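Okay, run_33.csv now, which holds CSV, C-alpha atoms:
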chain,number,residue,atom,x,y,z
A,250,MET,CA,-33.0,-107.3,153.9
A,251,ASN,CA,-33.7,-110.0,151.2
A,252,LYS,CA,-30.2,-111.5,151.4
A,253,PRO,CA,-30.4,-115.3,151.5
A,254,SER,CA,-29.6,-116.9,154.8
A,255,GLU,CA,-25.9,-117.8,155.3
A,256,LEU,CA,-24.6,-120.8,157.1
A,257,PRO,CA,-24.0,-119.8,160.7
A,258,GLY,CA,-20.6,-120.2,162.2
A,259,LEU,CA,-20.9,-123.5,164.0
A,260,GLY,CA,-17.2,-124.2,164.1
A,261,GLN,CA,-17.3,-124.1,167.9
A,262,TRP,CA,-20.0,-126.7,168.2
A,263,HIS,CA,-18.0,-129.4,169.9
A,264,ASP,CA,-20.4,-131.6,171.8
A,265,HIS,CA,-23.0,-133.5,169.7
A,266,THR,CA,-25.1,-134.1,172.8
A,267,HIS,CA,-25.9,-130.3,173.0
A,268,VAL,CA,-27.4,-129.3,169.6
A,269,PRO,CA,-27.7,-125.6,168.6
A,270,PHE,CA,-31.3,-124.6,167.8
A,271,GLN,CA,-29.9,-123.1,164.5
A,272,VAL,CA,-29.7,-126.5,162.9
A,273,TYR,CA,-33.5,-126.9,163.3
A,274,SER,CA,-34.5,-123.6,161.8
A,275,ASP,CA,-31.8,-122.2,159.5
A,276,GLU,CA,-32.8,-122.2,155.8
A,277,ALA,CA,-29.3,-122.5,154.4
A,278,ILE,CA,-28.6,-125.5,156.7
A,279,TYR,CA,-31.9,-127.1,155.5
A,280,ARG,CA,-30.8,-126.7,151.9
A,281,ARG,CA,-27.5,-128.4,152.6
A,282,GLU,CA,-29.3,-131.2,154.4
A,283,LEU,CA,-31.3,-131.9,151.2
A,284,ASP,CA,-28.1,-132.6,149.4
A,285,GLU,CA,-26.4,-134.6,152.1
A,286,TYR,CA,-29.4,-136.6,153.4
A,287,PHE,CA,-32.1,-136.8,150.8
A,288,TYR,CA,-30.0,-136.8,147.6
A,289,GLY,CA,-26.9,-138.2,149.1
A,290,PRO,CA,-25.9,-141.8,150.1
A,291,PHE,CA,-29.1,-142.6,152.1
A,292,TRP,CA,-31.6,-145.3,151.2
A,293,HIS,CA,-35.2,-144.1,151.5
A,294,PRO,CA,-38.2,-146.4,152.1
A,295,VAL,CA,-40.6,-145.4,149.4
A,296,ALA,CA,-43.3,-148.1,149.6
A,297,LEU,CA,-44.1,-151.5,150.9
A,298,GLN,CA,-44.9,-154.1,148.3
A,299,ALA,CA,-48.3,-154.3,150.0
A,300,GLU,CA,-49.1,-150.8,148.7
A,301,ILE,CA,-48.3,-151.7,145.1
A,302,PRO,CA,-48.9,-155.5,145.0
A,303,ASN,CA,-49.8,-155.9,141.4
A,304,VAL,CA,-47.7,-155.3,138.2
A,305,ASN,CA,-48.2,-151.7,137.0
A,306,ASP,CA,-49.4,-150.5,140.5
A,307,TYR,CA,-47.7,-147.2,141.4
A,308,LYS,CA,-47.4,-144.8,144.3
A,309,SER,CA,-46.3,-141.2,144.0
A,310,LEU,CA,-44.4,-139.4,146.8
A,311,TYR,CA,-41.5,-137.1,147.6
A,312,ILE,CA,-37.9,-137.8,148.6
A,313,GLY,CA,-36.8,-134.5,150.0
A,314,GLU,CA,-38.4,-131.9,147.7
A,315,THR,CA,-38.2,-134.1,144.6
A,316,PRO,CA,-41.4,-135.9,143.4
A,317,VAL,CA,-40.9,-139.6,142.6
A,318,ILE,CA,-43.0,-142.5,141.4
A,319,ALA,CA,-42.5,-146.0,142.8
A,320,VAL,CA,-43.8,-148.6,140.4
A,321,HIS,CA,-44.3,-152.4,140.4
A,322,SER,CA,-42.8,-152.4,137.0
A,323,ALA,CA,-42.6,-156.2,136.3
A,324,GLU,CA,-43.3,-159.4,138.2
A,325,GLY,CA,-41.1,-159.1,141.3
A,326,GLU,CA,-39.4,-155.9,140.0
A,327,PHE,CA,-39.8,-152.4,141.2
A,328,SER,CA,-38.6,-149.1,139.6
A,329,VAL,CA,-38.4,-145.6,141.2
A,330,MET,CA,-38.1,-142.6,138.9
A,331,VAL,CA,-38.3,-138.8,139.2
A,332,ASN,CA,-41.9,-137.7,138.5
A,333,ALA,CA,-40.8,-135.2,135.9
A,334,CYS,CA,-41.1,-135.4,132.2
A,335,ALA,CA,-37.7,-135.5,130.5
A,336,HIS,CA,-38.9,-133.0,127.9
A,337,ARG,CA,-39.9,-129.9,129.9
A,338,GLY,CA,-40.0,-131.2,133.5
A,339,VAL,CA,-43.8,-131.5,134.0
A,340,GLN,CA,-45.1,-133.7,136.8
A,341,LEU,CA,-46.3,-136.9,135.0
A,342,THR,CA,-48.9,-138.0,137.6
A,343,ALA,CA,-50.6,-136.2,140.4
A,344,GLU,CA,-52.4,-139.4,141.6
A,345,PHE,CA,-51.2,-140.8,144.9
A,346,LEU,CA,-52.0,-144.4,144.0
A,347,GLY,CA,-52.8,-146.0,140.7
A,348,ASN,CA,-52.2,-148.7,138.1
A,349,ALA,CA,-50.8,-147.9,134.7
A,350,GLY,CA,-48.5,-149.5,132.2
A,351,GLY,CA,-47.0,-146.1,131.4
A,352,PHE,CA,-47.2,-142.4,132.0
A,353,THR,CA,-48.2,-139.7,129.5
A,354,CYS,CA,-47.1,-136.1,130.0
A,355,PRO,CA,-50.3,-133.9,130.0
A,356,TYR,CA,-48.4,-131.0,128.4
A,357,HIS,CA,-47.0,-132.4,125.1
A,358,GLY,CA,-48.1,-136.0,125.1
A,359,TRP,CA,-44.7,-137.7,125.6
A,360,VAL,CA,-45.3,-141.3,126.8
A,361,PHE,CA,-43.0,-143.3,129.1
A,362,LYS,CA,-43.1,-147.0,130.1
A,363,ASN,CA,-43.5,-147.8,133.7
A,364,ASP,CA,-39.7,-148.4,134.0
A,365,GLY,CA,-39.1,-144.8,132.9
A,366,SER,CA,-37.9,-145.5,129.4
A,367,LEU,CA,-39.3,-143.2,126.7
A,368,LEU,CA,-41.9,-145.0,124.5
A,369,SER,CA,-43.2,-142.3,122.1
A,370,THR,CA,-43.4,-138.6,121.3
A,371,ILE,CA,-45.6,-136.4,119.2
A,372,GLY,CA,-44.1,-134.4,116.3
A,373,GLU,CA,-40.8,-136.2,116.3
A,374,GLU,CA,-40.4,-135.6,112.6
A,375,CYS,CA,-39.7,-131.9,113.4
A,376,PHE,CA,-37.1,-132.6,116.1
A,377,PRO,CA,-33.4,-131.8,115.5
A,378,ASP,CA,-31.4,-134.4,113.5
A,379,ASP,CA,-29.3,-135.3,116.5
A,380,TYR,CA,-32.3,-136.1,118.6
A,381,ASP,CA,-31.9,-139.5,120.3
A,382,PRO,CA,-34.8,-140.9,122.4
A,383,ALA,CA,-32.3,-142.8,124.5
A,384,ASN,CA,-31.3,-139.5,126.0
A,385,TYR,CA,-34.8,-138.7,127.2
A,386,ASN,CA,-35.6,-141.5,129.6
A,387,LEU,CA,-36.8,-140.6,133.1
A,388,LYS,CA,-34.2,-140.3,135.8
A,389,ASN,CA,-34.2,-143.6,137.6
A,390,LEU,CA,-33.0,-144.2,141.1
A,391,ARG,CA,-31.2,-147.3,142.5
A,392,VAL,CA,-33.7,-149.7,144.0
A,393,GLU,CA,-33.3,-152.6,146.5
A,394,THR,CA,-35.8,-154.4,148.7
A,395,PHE,CA,-35.8,-155.7,152.2
A,396,CYS,CA,-38.6,-157.7,153.9
A,397,GLY,CA,-41.2,-156.4,151.4
A,398,ILE,CA,-40.0,-152.8,151.7
A,399,VAL,CA,-38.9,-150.9,148.6
A,400,PHE,CA,-36.0,-148.6,149.1
A,401,ALA,CA,-34.5,-146.1,146.7
A,402,THR,CA,-31.4,-143.8,146.6
A,403,PHE,CA,-30.3,-141.0,144.3
A,404,ASP,CA,-26.7,-141.7,144.9
A,405,PRO,CA,-25.1,-144.3,142.5
A,406,ALA,CA,-22.2,-144.7,144.9
A,407,ALA,CA,-24.3,-145.3,148.0
A,408,PRO,CA,-23.4,-148.5,149.9
A,409,SER,CA,-25.6,-151.6,149.6
A,410,LEU,CA,-28.9,-151.5,151.4
A,411,ASP,CA,-27.7,-154.3,153.7
A,412,ASP,CA,-24.8,-152.2,154.8
A,413,PHE,CA,-26.9,-149.1,155.1
A,414,LEU,CA,-29.5,-150.7,157.4
A,415,GLY,CA,-26.8,-152.4,159.6
A,416,ASN,CA,-28.1,-153.5,163.0
A,417,LEU,CA,-31.5,-151.9,162.3
A,418,LYS,CA,-32.5,-154.9,160.2
A,419,PRO,CA,-33.8,-157.2,163.0
A,420,HIS,CA,-35.9,-154.4,164.4
A,421,MET,CA,-37.5,-153.8,161.0
A,422,LYS,CA,-38.2,-157.5,160.5
A,423,VAL,CA,-40.1,-157.5,163.8
A,424,VAL,CA,-42.3,-154.6,162.7
A,425,VAL,CA,-43.3,-156.4,159.4
A,426,GLY,CA,-43.8,-159.8,161.1
A,427,GLY,CA,-40.5,-161.3,160.0
A,428,GLY,CA,-41.0,-160.6,156.3
A,429,GLU,CA,-42.6,-164.0,155.7
A,430,ARG,CA,-46.3,-163.2,156.1
A,431,PRO,CA,-47.4,-160.9,153.3
A,432,LEU,CA,-48.8,-157.6,154.5
A,433,LYS,CA,-52.1,-156.0,153.5
A,434,LEU,CA,-52.6,-152.3,153.1
A,435,LEU,CA,-55.4,-151.0,155.3
A,436,GLY,CA,-55.3,-147.2,154.7
A,437,TYR,CA,-53.6,-143.9,155.2
A,438,GLN,CA,-53.8,-140.7,157.4
A,439,LYS,CA,-51.8,-137.6,156.5
A,440,ILE,CA,-50.7,-134.7,158.7
A,441,THR,CA,-48.4,-131.8,158.5
A,442,PHE,CA,-46.5,-131.0,161.6
A,443,ASN,CA,-45.1,-127.5,162.2
A,444,THR,CA,-41.7,-128.8,163.0
A,445,ASN,CA,-38.3,-129.5,161.5
A,446,TRP,CA,-37.8,-133.1,160.2
A,447,LYS,CA,-35.0,-133.8,162.7
A,448,LEU,CA,-37.2,-132.9,165.6
A,449,PHE,CA,-39.8,-135.4,164.3
A,450,MET,CA,-37.2,-138.1,164.3
A,451,ASP,CA,-35.8,-137.2,167.7
A,452,ASN,CA,-39.1,-138.1,169.3
A,453,ASP,CA,-37.6,-140.7,171.7
A,454,GLY,CA,-38.8,-142.9,174.5
A,455,TYR,CA,-38.0,-140.5,177.3
A,456,HIS,CA,-41.2,-138.5,176.8
A,457,ALA,CA,-43.7,-141.3,176.4
A,458,GLY,CA,-44.8,-141.7,180.0
A,459,ILE,CA,-44.5,-138.0,180.8
A,460,LEU,CA,-46.2,-136.2,177.9
A,461,HIS,CA,-48.8,-138.8,176.9
A,462,ALA,CA,-51.6,-139.0,179.5
A,463,ALA,CA,-53.1,-142.1,177.9
A,464,PHE,CA,-49.7,-143.8,178.1
A,465,ARG,CA,-49.9,-143.5,181.9
A,466,LEU,CA,-53.7,-144.1,182.2
A,467,LEU,CA,-53.6,-147.2,180.1
A,468,ASP,CA,-50.5,-148.4,181.8
A,469,PHE,CA,-48.7,-149.0,178.5
A,470,ALA,CA,-45.2,-148.8,179.9
A,471,GLY,CA,-44.8,-152.4,178.7
A,472,GLY,CA,-42.2,-155.0,179.8
A,473,ASP,CA,-38.5,-155.0,179.4
A,474,GLY,CA,-37.1,-153.5,176.3
A,475,TYR,CA,-34.1,-151.6,174.8
A,476,LEU,CA,-33.1,-149.0,172.2
A,477,GLU,CA,-30.3,-149.7,169.8
A,478,ALA,CA,-28.6,-147.2,167.6
A,479,ASP,CA,-26.5,-147.7,164.4
A,480,GLY,CA,-23.4,-145.6,164.5
A,481,HIS,CA,-22.9,-145.3,160.7
A,482,TYR,CA,-26.1,-143.3,160.0
A,483,GLY,CA,-27.8,-142.8,163.3
A,484,HIS,CA,-30.8,-145.2,162.7
A,485,TRP,CA,-32.2,-146.6,165.9
A,486,GLY,CA,-34.5,-149.5,166.7
A,487,MET,CA,-36.6,-150.5,169.7
A,488,ASN,CA,-37.8,-153.9,170.9
A,489,TYR,CA,-39.9,-154.5,173.9
A,490,GLN,CA,-42.8,-156.7,175.2
A,491,SER,CA,-46.2,-155.1,175.2
A,492,LYS,CA,-48.8,-156.2,177.7
A,493,ASP,CA,-52.5,-156.6,177.6
A,494,TYR,CA,-54.7,-153.7,178.9
A,495,GLU,CA,-56.5,-154.3,182.1
A,496,ASP,CA,-59.7,-152.4,182.2
A,497,ASN,CA,-59.4,-149.7,184.8
A,498,GLY,CA,-62.4,-147.7,183.8
A,499,TYR,CA,-60.7,-145.0,181.7
A,500,LEU,CA,-62.1,-146.2,178.4
A,501,ASN,CA,-65.8,-146.5,177.6
A,502,ASP,CA,-65.0,-149.2,175.1
A,503,PRO,CA,-61.8,-151.0,176.0
A,504,THR,CA,-62.1,-153.3,173.0
A,505,VAL,CA,-60.2,-150.7,171.0
A,506,VAL,CA,-57.0,-151.6,172.8
A,507,GLU,CA,-57.5,-155.4,173.0
A,508,SER,CA,-54.7,-157.5,171.7
A,509,ARG,CA,-56.6,-160.0,169.5
A,510,SER,CA,-53.7,-161.3,167.5
A,511,GLY,CA,-51.9,-162.7,170.5
A,512,GLU,CA,-48.7,-160.9,169.5
A,513,GLN,CA,-46.8,-159.5,172.5
A,514,THR,CA,-43.6,-158.6,170.7
A,515,ALA,CA,-43.5,-154.9,169.9
A,516,ALA,CA,-40.9,-152.9,167.9
A,517,GLY,CA,-40.0,-149.6,166.4
A,518,ALA,CA,-37.5,-148.5,163.8
A,519,CYS,CA,-36.3,-145.0,162.8
A,520,VAL,CA,-34.7,-145.1,159.4
A,521,ARG,CA,-32.7,-142.0,158.8
A,522,PRO,CA,-33.2,-139.5,157.6
A,523,VAL,CA,-37.0,-139.4,158.0
A,524,THR,CA,-39.0,-142.7,158.1
A,525,GLN,CA,-40.5,-144.4,161.2
A,526,ALA,CA,-42.1,-147.8,161.5
A,527,VAL,CA,-44.0,-149.0,164.6
A,528,ARG,CA,-45.6,-152.3,165.7
A,529,HIS,CA,-47.5,-152.2,169.0
A,530,MET,CA,-50.2,-154.7,170.0
A,531,ASP,CA,-52.3,-155.2,166.8
A,532,SER,CA,-51.2,-151.9,165.1
A,533,ILE,CA,-48.6,-151.9,162.3
A,534,ASN,CA,-47.8,-148.6,160.7
A,535,PHE,CA,-45.1,-146.9,158.7
A,536,ARG,CA,-44.7,-143.1,158.8
A,537,PHE,CA,-43.4,-141.9,155.5
A,538,ALA,CA,-42.3,-138.3,156.0
A,539,ARG,CA,-41.0,-135.5,153.8
A,540,PRO,CA,-39.5,-132.1,154.8
A,541,MET,CA,-41.4,-129.0,153.5
A,542,GLY,CA,-38.8,-126.5,154.6
A,543,PRO,CA,-37.0,-126.1,157.9
A,544,ASN,CA,-40.3,-125.6,159.8
A,545,LYS,CA,-42.7,-128.2,158.4
A,546,THR,CA,-42.8,-131.9,158.0
A,547,GLU,CA,-45.5,-133.9,156.2
A,548,VAL,CA,-46.2,-137.4,157.4
A,549,HIS,CA,-48.2,-140.2,155.8
A,550,TYR,CA,-49.3,-142.7,158.4
A,551,THR,CA,-49.7,-146.0,156.5
A,552,TYR,CA,-51.5,-148.9,158.2
A,553,PHE,CA,-51.1,-152.6,157.6
A,554,GLY,CA,-52.4,-156.0,158.6
A,555,PHE,CA,-51.5,-159.4,157.4
A,556,ALA,CA,-53.0,-160.8,154.2
A,557,ASP,CA,-54.1,-164.0,156.0
A,558,ASP,CA,-55.9,-162.1,158.8
A,559,ASP,CA,-59.6,-162.8,159.0
A,560,PRO,CA,-62.0,-159.8,158.3
A,561,ASP,CA,-62.7,-159.2,162.0
A,562,LEU,CA,-59.0,-158.9,162.9
A,563,LEU,CA,-58.4,-156.6,159.9
A,564,ASN,CA,-61.2,-154.3,161.0
A,565,HIS,CA,-59.8,-154.3,164.5
A,566,ARG,CA,-56.4,-153.3,163.2
A,567,VAL,CA,-57.9,-150.4,161.3
A,568,ARG,CA,-59.7,-149.2,164.4
A,569,GLN,CA,-56.8,-149.7,166.8
A,570,GLY,CA,-54.2,-148.3,164.4
A,571,SER,CA,-55.8,-144.9,164.0
A,572,ASN,CA,-57.1,-144.6,167.6
A,573,LEU,CA,-53.9,-145.7,169.3
A,574,LEU,CA,-50.8,-144.6,167.5
A,575,GLY,CA,-52.2,-142.4,164.7
A,576,PRO,CA,-51.6,-138.7,164.6
A,577,SER,CA,-54.7,-138.1,166.7
A,578,GLY,CA,-54.6,-141.4,168.6
A,579,PHE,CA,-54.8,-141.9,172.4
A,580,ILE,CA,-51.1,-142.2,172.7
A,581,SER,CA,-49.9,-139.7,170.1
A,582,ILE,CA,-52.2,-136.8,170.1
A,583,GLU,CA,-50.0,-134.5,172.1
A,584,ASP,CA,-47.0,-134.9,169.8
A,585,SER,CA,-48.3,-132.3,167.3
A,586,SER,CA,-48.6,-129.7,170.0
A,587,ILE,CA,-45.1,-130.4,171.4
A,588,PHE,CA,-43.6,-130.2,167.9
A,589,ASP,CA,-45.2,-126.8,167.3
A,590,ARG,CA,-44.2,-125.4,170.6
A,591,SER,CA,-40.6,-126.7,170.3
A,592,GLN,CA,-40.2,-125.2,166.8
A,593,LYS,CA,-41.6,-121.8,168.0
A,594,ALA,CA,-39.2,-121.7,170.9
A,595,MET,CA,-36.1,-122.4,168.7
A,596,GLY,CA,-36.1,-118.7,167.7
A,597,TYR,CA,-34.2,-118.2,171.0
A,598,THR,CA,-30.8,-117.0,169.8
A,599,GLY,CA,-28.0,-119.1,171.2
A,600,GLY,CA,-30.3,-121.8,172.6
A,601,GLN,CA,-29.4,-125.5,172.5
A,602,MET,CA,-31.2,-128.8,172.6
A,603,HIS,CA,-29.7,-131.0,175.4
A,604,PHE,CA,-29.7,-134.8,175.3
A,605,LEU,CA,-29.2,-136.2,178.8
A,606,LYS,CA,-31.4,-139.1,179.8
A,607,GLY,CA,-29.4,-142.3,179.6
A,608,MET,CA,-26.1,-140.6,178.8
A,609,GLY,CA,-24.3,-141.5,182.0
A,610,SER,CA,-20.6,-141.1,181.4
A,611,ASN,CA,-20.7,-142.3,177.8
A,612,PRO,CA,-21.8,-139.7,175.3
A,613,ASP,CA,-21.6,-142.2,172.3
A,614,ILE,CA,-23.9,-144.9,173.8
A,615,ASN,CA,-25.4,-147.2,171.2
A,616,ARG,CA,-27.8,-149.2,173.4
A,617,SER,CA,-30.0,-147.9,176.2
A,618,SER,CA,-33.2,-148.3,178.1
A,619,GLN,CA,-36.4,-147.9,176.0
A,620,ASN,CA,-37.2,-144.8,178.1
A,621,ASP,CA,-34.0,-142.9,177.3
A,622,GLU,CA,-33.0,-140.3,174.7
A,623,SER,CA,-29.3,-141.2,174.3
A,624,VAL,CA,-29.6,-143.1,171.1
A,625,SER,CA,-30.5,-139.9,169.3
A,626,THR,CA,-27.0,-138.6,169.9
A,627,VAL,CA,-25.5,-141.2,167.7
A,628,PHE,CA,-27.3,-139.5,164.8
A,629,TRP,CA,-26.0,-136.1,165.9
A,630,ALA,CA,-22.4,-137.3,166.0
A,631,ASP,CA,-22.7,-138.5,162.4
A,632,TYR,CA,-24.6,-135.3,161.5
A,633,LYS,CA,-21.8,-133.0,162.7
A,634,THR,CA,-19.3,-134.9,160.6
A,635,ARG,CA,-21.5,-135.3,157.5
A,636,MET,CA,-22.5,-131.6,157.5
A,637,GLY,CA,-18.9,-130.3,158.2
A,638,PHE,CA,-19.6,-128.6,161.5
What would the structure in this file look like if it were written as structure tokens?
Amino acid sequence: MNKPSELPGLGQWHDHTHVPFQVYSDEAIYRRELDEYFYGPFWHPVALQAEIPNVNDYKSLYIGETPVIAVHSAEGEFSVMVNACAHRGVQLTAEFLGNAGGFTCPYHGWVFKNDGSLLSTIGEECFPDDYDPANYNLKNLRVETFCGIVFATFDPAAPSLDDFLGNLKPHMKVVVGGGERPLKLLGYQKITFNTNWKLFMDNDGYHAGILHAAFRLLDFAGGDGYLEADGHYGHWGMNYQSKDYEDNGYLNDPTVVESRSGEQTAAGACVRPVTQAVRHMDSINFRFARPMGPNKTEVHYTYFGFADDDPDLLNHRVRQGSNLLGPSGFISIEDSSIFDRSQKAMGYTGGQMHFLKGMGSNPDINRSSQNDESVSTVFWADYKTRMGF
């Protein structure tokens, strides 16, 4: 009865556009995914420089199930290290954001610099003769940056960040305003969805005007746009033109959805395995997620403006960001319910997830309408190969 879950026989899973429910709910598959996607050759956005703008600023978070610390370790330099003392594995900091020149283990007082190197210990005179402090630095990850975004990977053999991002780069640049105007952190919201991390990332454009009542009532279908997938890792990006809201009486206070910055270019970026970034009207947010087992995903919604925004515009971005595309926003509030209902239904033995909208006669399409679901299948083609199914 207590035998661990075994990998199901998915050898007959031929079509990546029809995905077995098992891959969203099986514990053993989830464990393999941690190794392949979270500790393998993937680059993970861990912070924007706007979150840790000053030297010694840090942010703690998780990659997969491993706690890490992202630190602004020196002028223009960033370090990411495992948040575990090299002595006995104790979490060094439980603070989400802070500023420190180093980290002291609360258990035995070992002190580490903010680049992870061991600085001092207590009682070293009683250590074994072969003790070498150089062997007790914190585990550091590889770090690269792009457009003010700090990325890290556990895999020393991972490709360069430039190769990893591929054709997702222009979409991400649009989200952050081209990378030339410094961003300003506005705040966070955190939510735990009762869903598998892959279902969170498969939340495509097909559903928007169907599920979300506010999307229809506010006439937010937008102008022309497209979705573009990257065949190497399954990232996908979205560019489209937003349009100003015309007051039709549905909102008591329509100023919350005004476009005050004059920006009409909107974009989204899904960075595999589990990060999303969205810019719509005056709202800019990154969604840093982490899996918490096969059935839960925690997401930190992180809101930004630009450092040169005037105070009124910054306040407007705060108000619009949380009320529009936040976890309980006008546009997004139904997602949590759908995630929960989808995850519950995946107990149906032999069931499948079917991706159809926008497929046409080409199951490997890399570019589609902004209201299609076909770009998700590019990830699933890569997933089958990467996971050995």
Checklist outcome for this item: Using only C-alpha atoms, the residue out of A:Thr353, A:Glu282, A:Ala277, A:Gly347 with shortest distance to Asn303 of chain A is A:Gly347
Item to check | Nearby residues, (-47.6, -152.0, 139.4) file frame, 9 Å, all atoms listed in the file, as JSON, numbers by chain | outcome: {"A": [301, 302, 303, 304, 305, 306, 307, 308, 319, 320, 321, 322, 323, 324, 327, 347, 348, 349, 350, 363]}
Checklist entry - What separation in Å, quoted to one decimal, exists between atom CA of Gln271 of chain A and atom CA of Thr626 of chain A? => result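 Separating atom CA of Gln271 of chain A from atom CA of Thr626 of chain A is a distance of 16.7 Å.
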Give me, as CSV, the closest atom pair and its distance (Å, one decimal) for every residue of segment 488-573 of chain A within a cut-off of 8 Å of segment 434-458 of chain A, counting only C-alpha atoms, rows sorted by chain and rising number.
residue,atom,partner,partner_atom,distance
A:Cys519,CA,A:Met450,CA,7.1
A:Pro522,CA,A:Lys447,CA,7.9
A:Val523,CA,A:Met450,CA,6.4
A:Thr524,CA,A:Met450,CA,7.9
A:Gln525,CA,A:Met450,CA,7.8
A:Arg539,CA,A:Trp446,CA,7.5
A:Pro540,CA,A:Trp446,CA,5.7
A:Gly542,CA,A:Asn445,CA,7.5
A:Pro543,CA,A:Asn445,CA,5.1
A:Asn544,CA,A:Asn445,CA,4.7
A:Lys545,CA,A:Asn443,CA,4.5
A:Thr546,CA,A:Phe442,CA,5.2
A:Glu547,CA,A:Thr441,CA,4.3
A:Val548,CA,A:Ile440,CA,5.4
A:His549,CA,A:Lys439,CA,4.5
A:Tyr550,CA,A:Gln438,CA,5.0
A:Thr551,CA,A:Tyr437,CA,4.6
A:Tyr552,CA,A:Leu435,CA,5.3
A:Phe553,CA,A:Leu434,CA,4.8
A:Gly554,CA,A:Leu434,CA,6.6
A:Leu563,CA,A:Leu435,CA,7.8
A:Val567,CA,A:Leu435,CA,6.5
Item to check | For Met636 of chain A, the nearest of the candidates A:Arg590, A:His267, A:Arg281, A:Arg465, counting only C-alpha atoms | outcome: A:Arg281
Checklist entry - Which residues come within 10 Å of segment 572-574 of chain A, counting all atoms listed in the file, excluding same-chain residues fewer than 3 positions away, as a list in words? => result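 Listing them by chain and then by number gives Ala463, Phe464, Val505, Val506, Val527, Arg528, His529, Met530, Asp531, Ser532, Ile533, Asn534, Tyr550, Arg566, Val567, Arg568, Gln569, Ser577, Gly578, Phe579, Ile580, Ser581 and Ile582 of chain A.
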Next on the checklist: Could you tell me how far atom CA of Cys354 of chain A sits from atom CA of Leu368 of chain A, in Å to one decimal place?
Outcome noted: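 Atom-to-atom, atom CA of Leu368 of chain A to atom CA of Cys354 of chain A, that is 11.7 Å.
Note that the spacing between atom CA of Val360 of chain A and atom CA of Glu326 of chain A amounts to 20.5 Å.
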Checklist entry - Out of A:Ala462, A:Leu410, A:Met608, A:Val329, which residue has the shortest atom-to-atom distance to Tyr311 of chain A when counting all atoms listed in the file? => result A:Val329
Checklist entry - Of the residues A:Glu276, A:Gly483, A:Asp381, A:Phe537, which is the one nearest to Leu310 of chain A, using all atoms listed in the file? => result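 The closest residue to Leu310 of chain A is A:Phe537.
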Checklist entry - Which residue gives the smallest distance to Ala296 of chain A among A:Ala343, A:Ile318, A:Leu390, A:Met595, with all atoms listed in the file counted? => result A:Ile318
Item to check | Shortest interatomic distance to Asp561 of chain A - which of A:Arg509, A:Phe287, A:Pro294, A:His603, counting all atoms listed in the file | outcome: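 Among A:Arg509, A:Phe287, A:Pro294, A:His603, it is A:Arg509 that comes nearest to Asp561 of chain A.
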Next on the checklist: Residues near Asn332 of chain A, anyone? I mean within 9 Å using all atoms listed in the file, not counting same-chain ones fewer than 5 positions away, as a ChimeraX atom specification.
Outcome noted: /A:309-310,315-318,338-342,387-388
Checklist entry - Taking (-38.8, -148.0, 163.0) in the file's coordinates, which residues come within 10 Å, counting only C-alpha atoms, written as a PyMOL selection string? => result chain A and resi 417-418+420-424+484-488+516-521+524-528+534-536
